[in-house]
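Scroll down for the structure; my scribbles are underneath it.
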Amino acid sequence: MGLTIGVDIGGTKIAAGVVDEEGNILSTFKVPTPGTPEGIVDAIASAVEGARAGHEIVGVGIGAAGYVNRQRSEVYFAPNIDWRNEPLKDKVEARVGLPVVVENDANAAAWGEYKFGAGKGHRNVICITLGTGLGGGIIIGNKLRRGHFGVAAEFGHIRMVPDGLLCGCGSQGCWEQYASGRALVRYAKQRANATPERAEVLLALGDGSPEGIEGKHISVAARQGDPVAVDSYRELARWAGAGLADLASLFDPSAFIVGGGLSDEGELVLDPIRKSYKRWLVGGNWRPVADVIAAQLGNKAGMVGAADLAREPDPIM
């Protein structure tokens, strides 16, 4: 169907990329993310115009963090932008003069991995993104399953612990409070505070105090064998694997694709996730076990997936 543009709305920048039908990114254009909803619409239009220069474009796909309706036109609710029932499709179409579809950003990333990355060759995959929070996407029978209202696969807000930790969504005990980048930092700070003698490498990478620990420090320290850093990854993986076991009971995929920033750590995080998943999988000793594999497209997955979904004339249910 030709070239499309995928738009990735980030906290600091909005990136638009021209993507061909094989998932190759031909050109990109980035602009800073403004602080107002209307400013973001303007910035999306600017990024699209910058990326499309010299290309014949047939459509635009926008990946937005939030609940998107089944018509792929309106953002019901976005946690980090003041969008409430935002008609994003109509606004951007009026600015760029191209057909636009709006998709949840985790769904877009899942579709990109399924079509062009780690999911190639699979019909049934579940994707999770382990980043600052926890997101995901469902592909069953080669179709992106978005639910009746369009807001399925909000995996991060499955309640794992009744009356557990307070989540930014307003609920308690959500999965992302136990398996995410924020959770990893919390685990490391708690352990370093309790047993600083086991966190010498980790503490030295920051300001010497548990409060100064950042995610990047934990990664470096774990690769150097720091006990607290390694234990923190294992705790995150324990919760991540337990959640995958529950998803296996629901969807029975052939593979779980793990993306997001934490997946960049490779086997440091994937190996203990696999072990935890098999530990908690019901009937795991007697049933086929889905592969747990790393995403391949990195931070390009959302852009590539959104661009490819723009080629679909109707919502993929």
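Ordering of the structure tokens sets the chain letters (A, B, ...), residue numbers begin anew at 1 in every chain, and ligands are numbered from 1 in the order given.
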
Find the nearest atom pair between each residue of region 146-253 of chain A and region 277-297 of chain A for residues within 12 Å, count only C-alpha atoms, give distances in Å to one decimal, sort rows by chain and ascending number, and present the table as JSON lines.
```
{"residue": "A:Ala237", "atom": "CA", "partner": "A:Tyr277", "partner_atom": "CA", "distance": 8.8}
{"residue": "A:Arg238", "atom": "CA", "partner": "A:Tyr277", "partner_atom": "CA", "distance": 7.8}
{"residue": "A:Trp239", "atom": "CA", "partner": "A:Tyr277", "partner_atom": "CA", "distance": 8.9}
{"residue": "A:Ala240", "atom": "CA", "partner": "A:Tyr277", "partner_atom": "CA", "distance": 7.7}
{"residue": "A:Gly241", "atom": "CA", "partner": "A:Tyr277", "partner_atom": "CA", "distance": 3.9}
{"residue": "A:Ala242", "atom": "CA", "partner": "A:Tyr277", "partner_atom": "CA", "distance": 5.4}
{"residue": "A:Gly243", "atom": "CA", "partner": "A:Tyr277", "partner_atom": "CA", "distance": 7.7}
{"residue": "A:Leu244", "atom": "CA", "partner": "A:Tyr277", "partner_atom": "CA", "distance": 6.0}
{"residue": "A:Ala245", "atom": "CA", "partner": "A:Leu281", "partner_atom": "CA", "distance": 4.7}
{"residue": "A:Asp246", "atom": "CA", "partner": "A:Leu281", "partner_atom": "CA", "distance": 7.3}
{"residue": "A:Leu247", "atom": "CA", "partner": "A:Leu281", "partner_atom": "CA", "distance": 9.5}
{"residue": "A:Ala248", "atom": "CA", "partner": "A:Leu281", "partner_atom": "CA", "distance": 7.6}
{"residue": "A:Ser249", "atom": "CA", "partner": "A:Val282", "partner_atom": "CA", "distance": 7.7}
{"residue": "A:Leu250", "atom": "CA", "partner": "A:Val282", "partner_atom": "CA", "distance": 11.5}
{"residue": "A:Phe251", "atom": "CA", "partner": "A:Ala290", "partner_atom": "CA", "distance": 10.8}
{"residue": "A:Asp252", "atom": "CA", "partner": "A:Ala290", "partner_atom": "CA", "distance": 7.8}
{"residue": "A:Pro253", "atom": "CA", "partner": "A:Ala290", "partner_atom": "CA", "distance": 6.4}
```

Report as CSV the residues of region 168-270 of chain A within 9 Å of region 99-119 of chain A, each with its shortest atom pair and distance in Å (one decimal), using only C-alpha atoms, ordered by chain and increasing residue number.
```
residue,atom,partner,partner_atom,distance
A:Ala255,CA,A:Gly119,CA,7.8
A:Phe256,CA,A:Gly119,CA,8.7
A:Ile257,CA,A:Ala118,CA,6.9
A:Gly259,CA,A:Ala109,CA,8.6
```

Query raised in the report: How would you write, as number ranges by chain, the set of residues in region 43-254 of chain A that DSSP gives as alpha helix (DSSP H)?
Result: A: 43-52, 88-96, 105-116, 181-194, 200-205, 215-223, 227-251

Report task. Tell me, as a list of chain:residue names, which residues lie within 7 Å of region 19-35 of chain A, counting only C-alpha atoms; anything in the same chain fewer than 6 positions away does not count. Result ->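 Residues meeting the cut-off are A:Gly2, A:Leu3, A:Thr4, A:Ile5, A:Gly11, A:Thr12, A:Lys13, A:Ala43, A:Ala47, A:Gly50, A:Ala51, A:Phe116, A:Val304, A:Ala307.
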
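Here CA of Ala192 (chain A) is placed at a distance of 20.8 Å from CA of Pro272 (chain A).
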
Query - Nearest to Gly131 (chain A), chosen from A:Ala45, A:Ala222, A:Leu184, A:Val60, with only C-alpha atoms counted in the distances - result: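 When distances to Gly131 (chain A) are compared using only C-alpha atoms, the smallest one comes from A:Leu184.
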
Neighbour list for Lys216 (chain A) as a PDB file with C-alpha atoms, in the first residue's frame, cut-off 10 Å, only C-alpha atoms, skip fewer than 4 positions in-chain:
```pdb
ATOM      1  CA  VAL A 185      15.014   0.886  41.708  1.00  0.00           C
ATOM      2  CA  LEU A 202      26.177  -0.217  43.501  1.00  0.00           C
ATOM      3  CA  LEU A 205      28.214   4.274  41.211  1.00  0.00           C
ATOM      4  CA  GLY A 206      25.900   6.867  42.739  1.00  0.00           C
ATOM      5  CA  VAL A 220      26.271  -1.781  35.718  1.00  0.00           C
ATOM      6  CA  ALA A 221      26.570  -3.126  39.249  1.00  0.00           C
TER       7      ALA A 221
END
```

**Report entry** Interatomic distance, CA of Ile140 (chain A) to CA of Ile128 (chain A) (Å, one decimal)
**Finding:**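 Between these atoms lies a distance of 14.4 Å.
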
Query raised in the report: So which residues touch Gln177 (chain A) within 9 Å, counting only C-alpha atoms, skipping near sequence neighbours fewer than 3 positions away, as a list in words?
Result: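 My list of contacting residues is Gly133, Leu134, Gly156, His157, Gly164, Leu165, Leu166, Cys167, Gln172, Gly173, Cys174, Ser180, Arg182 and Ala183 of chain A.
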
Restricted to N, CA, C and O atoms, what would the selected residues look like written as a tab-separated table (two decimals), in the first residue's frame?
```
chain	number	residue	atom	x	y	z
A	133	GLY	N	7.10	1.68	33.41
A	133	GLY	CA	5.93	0.93	33.81
A	133	GLY	C	5.92	-0.42	33.12
A	133	GLY	O	6.97	-0.93	32.71
A	134	LEU	N	4.73	-1.01	32.98
A	134	LEU	CA	4.60	-2.31	32.33
A	134	LEU	C	3.40	-2.26	31.39
A	134	LEU	O	2.28	-1.97	31.83
A	156	GLY	N	-0.17	-4.05	32.90
A	156	GLY	CA	0.48	-3.46	34.07
A	156	GLY	C	-0.47	-3.20	35.22
A	156	GLY	O	-0.04	-3.06	36.37
A	157	HIS	N	-1.77	-3.17	34.93
A	157	HIS	CA	-2.75	-2.85	35.97
A	157	HIS	C	-3.62	-4.05	36.34
A	157	HIS	O	-4.70	-3.88	36.92
A	164	GLY	N	-2.20	-4.24	47.82
A	164	GLY	CA	-0.75	-4.06	47.75
A	164	GLY	C	-0.35	-2.62	47.56
A	164	GLY	O	-1.07	-1.68	47.95
A	165	LEU	N	0.80	-2.42	46.95
A	165	LEU	CA	1.35	-1.07	46.80
A	165	LEU	C	0.42	-0.19	45.97
A	165	LEU	O	-0.17	-0.63	44.99
A	166	LEU	N	0.32	1.07	46.36
A	166	LEU	CA	-0.50	2.03	45.63
A	166	LEU	C	0.11	2.31	44.27
A	166	LEU	O	1.32	2.53	44.14
A	167	CYS	N	-0.73	2.26	43.23
A	167	CYS	CA	-0.28	2.49	41.86
A	167	CYS	C	-0.71	3.87	41.39
A	167	CYS	O	-1.68	4.45	41.91
A	172	GLN	N	-4.43	-0.57	43.82
A	172	GLN	CA	-3.37	-1.10	44.67
A	172	GLN	C	-2.95	-2.48	44.20
A	172	GLN	O	-3.79	-3.27	43.75
A	173	GLY	N	-1.66	-2.75	44.29
A	173	GLY	CA	-1.16	-4.08	44.00
A	173	GLY	C	-1.02	-4.39	42.52
A	173	GLY	O	-0.93	-5.56	42.14
A	174	CYS	N	-0.96	-3.37	41.65
A	174	CYS	CA	-0.84	-3.60	40.21
A	174	CYS	C	0.49	-4.25	39.87
A	174	CYS	O	1.52	-3.98	40.51
A	180	SER	N	8.81	-3.66	37.02
A	180	SER	CA	9.02	-2.49	36.17
A	180	SER	C	10.33	-1.82	36.58
A	180	SER	O	10.95	-2.20	37.57
A	182	ARG	N	10.65	1.16	37.80
A	182	ARG	CA	10.45	1.79	39.11
A	182	ARG	C	10.60	0.76	40.23
A	182	ARG	O	11.20	1.05	41.27
A	183	ALA	N	10.02	-0.42	40.02
A	183	ALA	CA	10.12	-1.46	41.03
A	183	ALA	C	11.57	-1.87	41.25
A	183	ALA	O	12.00	-2.07	42.39
```

Query - Test item: residues at most 10 Å from Arg223 (chain A), only C-alpha atoms, excluding those fewer than 5 positions along its chain, as a list in words - result: Ile218, Ala229, Val230, Glu265 and Leu268 of chain A

**Report entry** Minimum-distance residue to Gly121 (chain A), chosen among A:Gly39, A:Gly135, A:Gly141, A:Gly181 (using only C-alpha atoms)
**Finding:** A:Gly141

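Across the model, the gap from CA of Leu88 (chain A) to CA of Val68 (chain A) is 9.8 Å.
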
Query raised in the report: From the set A:Arg70, A:His55, A:Arg159, A:Lys300, which residue has the shortest atom-to-atom contact distance to Leu144 (chain A), counting only C-alpha atoms?
Result: A:Arg70

Query raised in the report: With only C-alpha atoms as the basis for distance, which of A:Pro162, A:Val92, A:Pro37, A:Thr129 is at the shortest distance from Gly302 (chain A)?
Result: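 Under the stated criterion, the closest residue is A:Thr129.
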
Query raised in the report: Which one of A:Ile139, A:Gly212, A:Ala306, A:Gln224 sits closest to Ala64 (chain A) if you count only C-alpha atoms?
Result: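 The shortest atom-to-atom distance to Ala64 (chain A) comes from A:Ala306.
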
I need the residues of region 116-286 of chain A that end up classed as strand (DSSP E or B) by DSSP on the backbone, written out as a JSON list (two decimals) with all heavy atoms, in the first residue's frame.
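Written out: result-v6.json:
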```json
[["chain", "number", "residue", "atom", "x", "y", "z"],
["A", 125, "VAL", "N", 1.22, -14.69, 20.04],
["A", 125, "VAL", "CA", 2.26, -14.18, 20.94],
["A", 125, "VAL", "C", 1.66, -13.15, 21.88],
["A", 125, "VAL", "O", 0.69, -12.46, 21.55],
["A", 125, "VAL", "CB", 3.45, -13.54, 20.17],
["A", 125, "VAL", "CG1", 4.14, -14.56, 19.30],
["A", 125, "VAL", "CG2", 3.00, -12.35, 19.35],
["A", 126, "ILE", "N", 2.24, -13.09, 23.05],
["A", 126, "ILE", "CA", 1.93, -12.04, 24.02],
["A", 126, "ILE", "C", 3.20, -11.23, 24.23],
["A", 126, "ILE", "O", 4.27, -11.80, 24.48],
["A", 126, "ILE", "CB", 1.46, -12.63, 25.37],
["A", 126, "ILE", "CG1", 0.23, -13.51, 25.18],
["A", 126, "ILE", "CG2", 1.20, -11.51, 26.37],
["A", 126, "ILE", "CD1", -1.00, -12.78, 24.68],
["A", 127, "CYS", "N", 3.08, -9.93, 24.10],
["A", 127, "CYS", "CA", 4.23, -9.05, 24.31],
["A", 127, "CYS", "C", 4.05, -8.28, 25.62],
["A", 127, "CYS", "O", 2.94, -7.84, 25.93],
["A", 127, "CYS", "CB", 4.35, -8.05, 23.16],
["A", 127, "CYS", "SG", 4.56, -8.79, 21.54],
["A", 128, "ILE", "N", 5.11, -8.16, 26.37],
["A", 128, "ILE", "CA", 5.10, -7.25, 27.52],
["A", 128, "ILE", "C", 6.29, -6.31, 27.37],
["A", 128, "ILE", "O", 7.34, -6.67, 26.85],
["A", 128, "ILE", "CB", 5.15, -7.99, 28.87],
["A", 128, "ILE", "CG1", 6.47, -8.75, 29.08],
["A", 128, "ILE", "CG2", 3.97, -8.91, 29.03],
["A", 128, "ILE", "CD1", 6.69, -9.17, 30.52],
["A", 129, "THR", "N", 6.09, -5.09, 27.82],
["A", 129, "THR", "CA", 7.17, -4.10, 27.81],
["A", 129, "THR", "C", 7.51, -3.76, 29.25],
["A", 129, "THR", "O", 6.65, -3.28, 30.00],
["A", 129, "THR", "CB", 6.74, -2.83, 27.05],
["A", 129, "THR", "OG1", 5.50, -2.33, 27.60],
["A", 129, "THR", "CG2", 6.53, -3.14, 25.57],
["A", 130, "LEU", "N", 8.73, -4.05, 29.62],
["A", 130, "LEU", "CA", 9.23, -3.74, 30.96],
["A", 130, "LEU", "C", 10.05, -2.46, 30.87],
["A", 130, "LEU", "O", 11.22, -2.49, 30.48],
["A", 130, "LEU", "CB", 10.09, -4.89, 31.50],
["A", 130, "LEU", "CG", 9.39, -6.24, 31.69],
["A", 130, "LEU", "CD1", 10.39, -7.28, 32.16],
["A", 130, "LEU", "CD2", 8.24, -6.12, 32.68],
["A", 134, "LEU", "N", 4.73, -1.01, 32.98],
["A", 134, "LEU", "CA", 4.60, -2.31, 32.33],
["A", 134, "LEU", "C", 3.40, -2.26, 31.39],
["A", 134, "LEU", "O", 2.28, -1.97, 31.83],
["A", 134, "LEU", "CB", 4.42, -3.41, 33.38],
["A", 134, "LEU", "CG", 4.54, -4.87, 32.90],
["A", 134, "LEU", "CD1", 4.92, -5.78, 34.08],
["A", 134, "LEU", "CD2", 3.23, -5.39, 32.31],
["A", 135, "GLY", "N", 3.63, -2.54, 30.12],
["A", 135, "GLY", "CA", 2.57, -2.56, 29.13],
["A", 135, "GLY", "C", 2.57, -3.87, 28.38],
["A", 135, "GLY", "O", 3.31, -4.79, 28.71],
["A", 136, "GLY", "N", 1.74, -3.95, 27.33],
["A", 136, "GLY", "CA", 1.72, -5.19, 26.58],
["A", 136, "GLY", "C", 0.79, -5.17, 25.40],
["A", 136, "GLY", "O", 0.13, -4.16, 25.12],
["A", 137, "GLY", "N", 0.75, -6.29, 24.69],
["A", 137, "GLY", "CA", -0.11, -6.44, 23.53],
["A", 137, "GLY", "C", -0.41, -7.91, 23.30],
["A", 137, "GLY", "O", 0.37, -8.79, 23.68],
["A", 138, "ILE", "N", -1.55, -8.17, 22.68],
["A", 138, "ILE", "CA", -2.03, -9.53, 22.45],
["A", 138, "ILE", "C", -2.18, -9.76, 20.96],
["A", 138, "ILE", "O", -2.94, -9.04, 20.29],
["A", 138, "ILE", "CB", -3.40, -9.76, 23.12],
["A", 138, "ILE", "CG1", -3.34, -9.45, 24.62],
["A", 138, "ILE", "CG2", -3.90, -11.18, 22.88],
["A", 138, "ILE", "CD1", -4.72, -9.29, 25.26],
["A", 139, "ILE", "N", -1.47, -10.74, 20.42],
["A", 139, "ILE", "CA", -1.67, -11.15, 19.02],
["A", 139, "ILE", "C", -2.08, -12.62, 19.04],
["A", 139, "ILE", "O", -1.29, -13.49, 19.45],
["A", 139, "ILE", "CB", -0.41, -10.95, 18.15],
["A", 139, "ILE", "CG1", -0.13, -9.47, 17.93],
["A", 139, "ILE", "CG2", -0.61, -11.60, 16.79],
["A", 139, "ILE", "CD1", 0.83, -8.85, 18.88],
["A", 140, "ILE", "N", -3.30, -12.89, 18.66],
["A", 140, "ILE", "CA", -3.84, -14.25, 18.62],
["A", 140, "ILE", "C", -4.39, -14.49, 17.22],
["A", 140, "ILE", "O", -5.19, -13.71, 16.71],
["A", 140, "ILE", "CB", -4.95, -14.46, 19.67],
["A", 140, "ILE", "CG1", -4.40, -14.24, 21.08],
["A", 140, "ILE", "CG2", -5.55, -15.85, 19.53],
["A", 140, "ILE", "CD1", -3.37, -15.24, 21.54],
["A", 143, "LYS", "N", -3.83, -11.73, 14.62],
["A", 143, "LYS", "CA", -4.57, -10.47, 14.74],
["A", 143, "LYS", "C", -4.27, -9.80, 16.08],
["A", 143, "LYS", "O", -4.11, -10.48, 17.10],
["A", 143, "LYS", "CB", -6.08, -10.70, 14.62],
["A", 143, "LYS", "CG", -6.53, -11.14, 13.23],
["A", 143, "LYS", "CD", -8.03, -11.22, 13.16],
["A", 143, "LYS", "CE", -8.49, -11.66, 11.77],
["A", 143, "LYS", "NZ", -8.15, -10.64, 10.76],
["A", 144, "LEU", "N", -4.18, -8.49, 16.05],
["A", 144, "LEU", "CA", -4.03, -7.71, 17.27],
["A", 144, "LEU", "C", -5.38, -7.65, 17.97],
["A", 144, "LEU", "O", -6.36, -7.14, 17.41],
["A", 144, "LEU", "CB", -3.53, -6.31, 16.93],
["A", 144, "LEU", "CG", -3.36, -5.33, 18.10],
["A", 144, "LEU", "CD1", -2.33, -5.84, 19.08],
["A", 144, "LEU", "CD2", -2.97, -3.96, 17.57],
["A", 159, "ARG", "N", -4.21, -6.68, 39.00],
["A", 159, "ARG", "CA", -3.89, -6.66, 40.43],
["A", 159, "ARG", "C", -3.22, -7.97, 40.82],
["A", 159, "ARG", "O", -3.85, -9.02, 40.86],
["A", 159, "ARG", "CB", -5.15, -6.43, 41.26],
["A", 159, "ARG", "CG", -5.63, -5.00, 41.18],
["A", 159, "ARG", "CD", -6.52, -4.60, 42.32],
["A", 159, "ARG", "NE", -6.97, -5.68, 43.17],
["A", 159, "ARG", "CZ", -7.57, -5.48, 44.34],
["A", 159, "ARG", "NH1", -7.76, -4.29, 44.80],
["A", 159, "ARG", "NH2", -7.98, -6.50, 45.06],
["A", 166, "LEU", "N", 0.32, 1.07, 46.36],
["A", 166, "LEU", "CA", -0.50, 2.03, 45.63],
["A", 166, "LEU", "C", 0.11, 2.31, 44.27],
["A", 166, "LEU", "O", 1.32, 2.53, 44.14],
["A", 166, "LEU", "CB", -0.61, 3.34, 46.42],
["A", 166, "LEU", "CG", -1.48, 4.44, 45.78],
["A", 166, "LEU", "CD1", -2.93, 3.99, 45.73],
["A", 166, "LEU", "CD2", -1.34, 5.74, 46.57],
["A", 172, "GLN", "N", -4.43, -0.57, 43.82],
["A", 172, "GLN", "CA", -3.37, -1.10, 44.67],
["A", 172, "GLN", "C", -2.95, -2.48, 44.20],
["A", 172, "GLN", "O", -3.79, -3.27, 43.75],
["A", 172, "GLN", "CB", -3.84, -1.20, 46.13],
["A", 172, "GLN", "CG", -4.02, 0.13, 46.82],
["A", 172, "GLN", "CD", -4.53, -0.05, 48.24],
["A", 172, "GLN", "OE1", -5.72, 0.03, 48.50],
["A", 172, "GLN", "NE2", -3.61, -0.30, 49.16],
["A", 174, "CYS", "N", -0.96, -3.37, 41.65],
["A", 174, "CYS", "CA", -0.84, -3.60, 40.21],
["A", 174, "CYS", "C", 0.49, -4.25, 39.87],
["A", 174, "CYS", "O", 1.52, -3.98, 40.51],
["A", 174, "CYS", "CB", -0.99, -2.30, 39.44],
["A", 174, "CYS", "SG", -2.64, -1.56, 39.53],
["A", 255, "ALA", "N", 4.76, -17.94, 22.31],
["A", 255, "ALA", "CA", 5.92, -17.19, 22.78],
["A", 255, "ALA", "C", 5.49, -15.95, 23.53],
["A", 255, "ALA", "O", 4.45, -15.34, 23.22],
["A", 255, "ALA", "CB", 6.83, -16.80, 21.61],
["A", 256, "PHE", "N", 6.28, -15.59, 24.51],
["A", 256, "PHE", "CA", 6.21, -14.28, 25.16],
["A", 256, "PHE", "C", 7.39, -13.46, 24.67],
["A", 256, "PHE", "O", 8.54, -13.92, 24.73],
["A", 256, "PHE", "CB", 6.28, -14.41, 26.68],
["A", 256, "PHE", "CG", 5.06, -15.00, 27.32],
["A", 256, "PHE", "CD1", 5.05, -16.32, 27.72],
["A", 256, "PHE", "CD2", 3.91, -14.24, 27.51],
["A", 256, "PHE", "CE1", 3.93, -16.88, 28.31],
["A", 256, "PHE", "CE2", 2.79, -14.78, 28.10],
["A", 256, "PHE", "CZ", 2.79, -16.11, 28.50],
["A", 257, "ILE", "N", 7.12, -12.27, 24.19],
["A", 257, "ILE", "CA", 8.18, -11.36, 23.76],
["A", 257, "ILE", "C", 8.33, -10.29, 24.83],
["A", 257, "ILE", "O", 7.37, -9.60, 25.16],
["A", 257, "ILE", "CB", 7.85, -10.72, 22.41],
["A", 257, "ILE", "CG1", 7.69, -11.80, 21.33],
["A", 257, "ILE", "CG2", 8.94, -9.72, 22.01],
["A", 257, "ILE", "CD1", 7.20, -11.26, 20.00],
["A", 258, "VAL", "N", 9.53, -10.17, 25.37],
["A", 258, "VAL", "CA", 9.79, -9.21, 26.43],
["A", 258, "VAL", "C", 10.55, -8.02, 25.84],
["A", 258, "VAL", "O", 11.68, -8.18, 25.36],
["A", 258, "VAL", "CB", 10.60, -9.85, 27.58],
["A", 258, "VAL", "CG1", 10.84, -8.83, 28.70],
["A", 258, "VAL", "CG2", 9.86, -11.07, 28.12],
["A", 259, "GLY", "N", 9.93, -6.86, 25.85],
["A", 259, "GLY", "CA", 10.56, -5.64, 25.35],
["A", 259, "GLY", "C", 10.66, -4.59, 26.44],
["A", 259, "GLY", "O", 10.54, -4.89, 27.62]]
```

Report task. Select, from A:Glu197, A:Lys89, A:His122, A:Tyr67, the residue with the minimum atom-to-atom distance to Gly147 (chain A), counting only C-alpha atoms. Result ->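 Result for the nearest residue to Gly147 (chain A): A:Tyr67.
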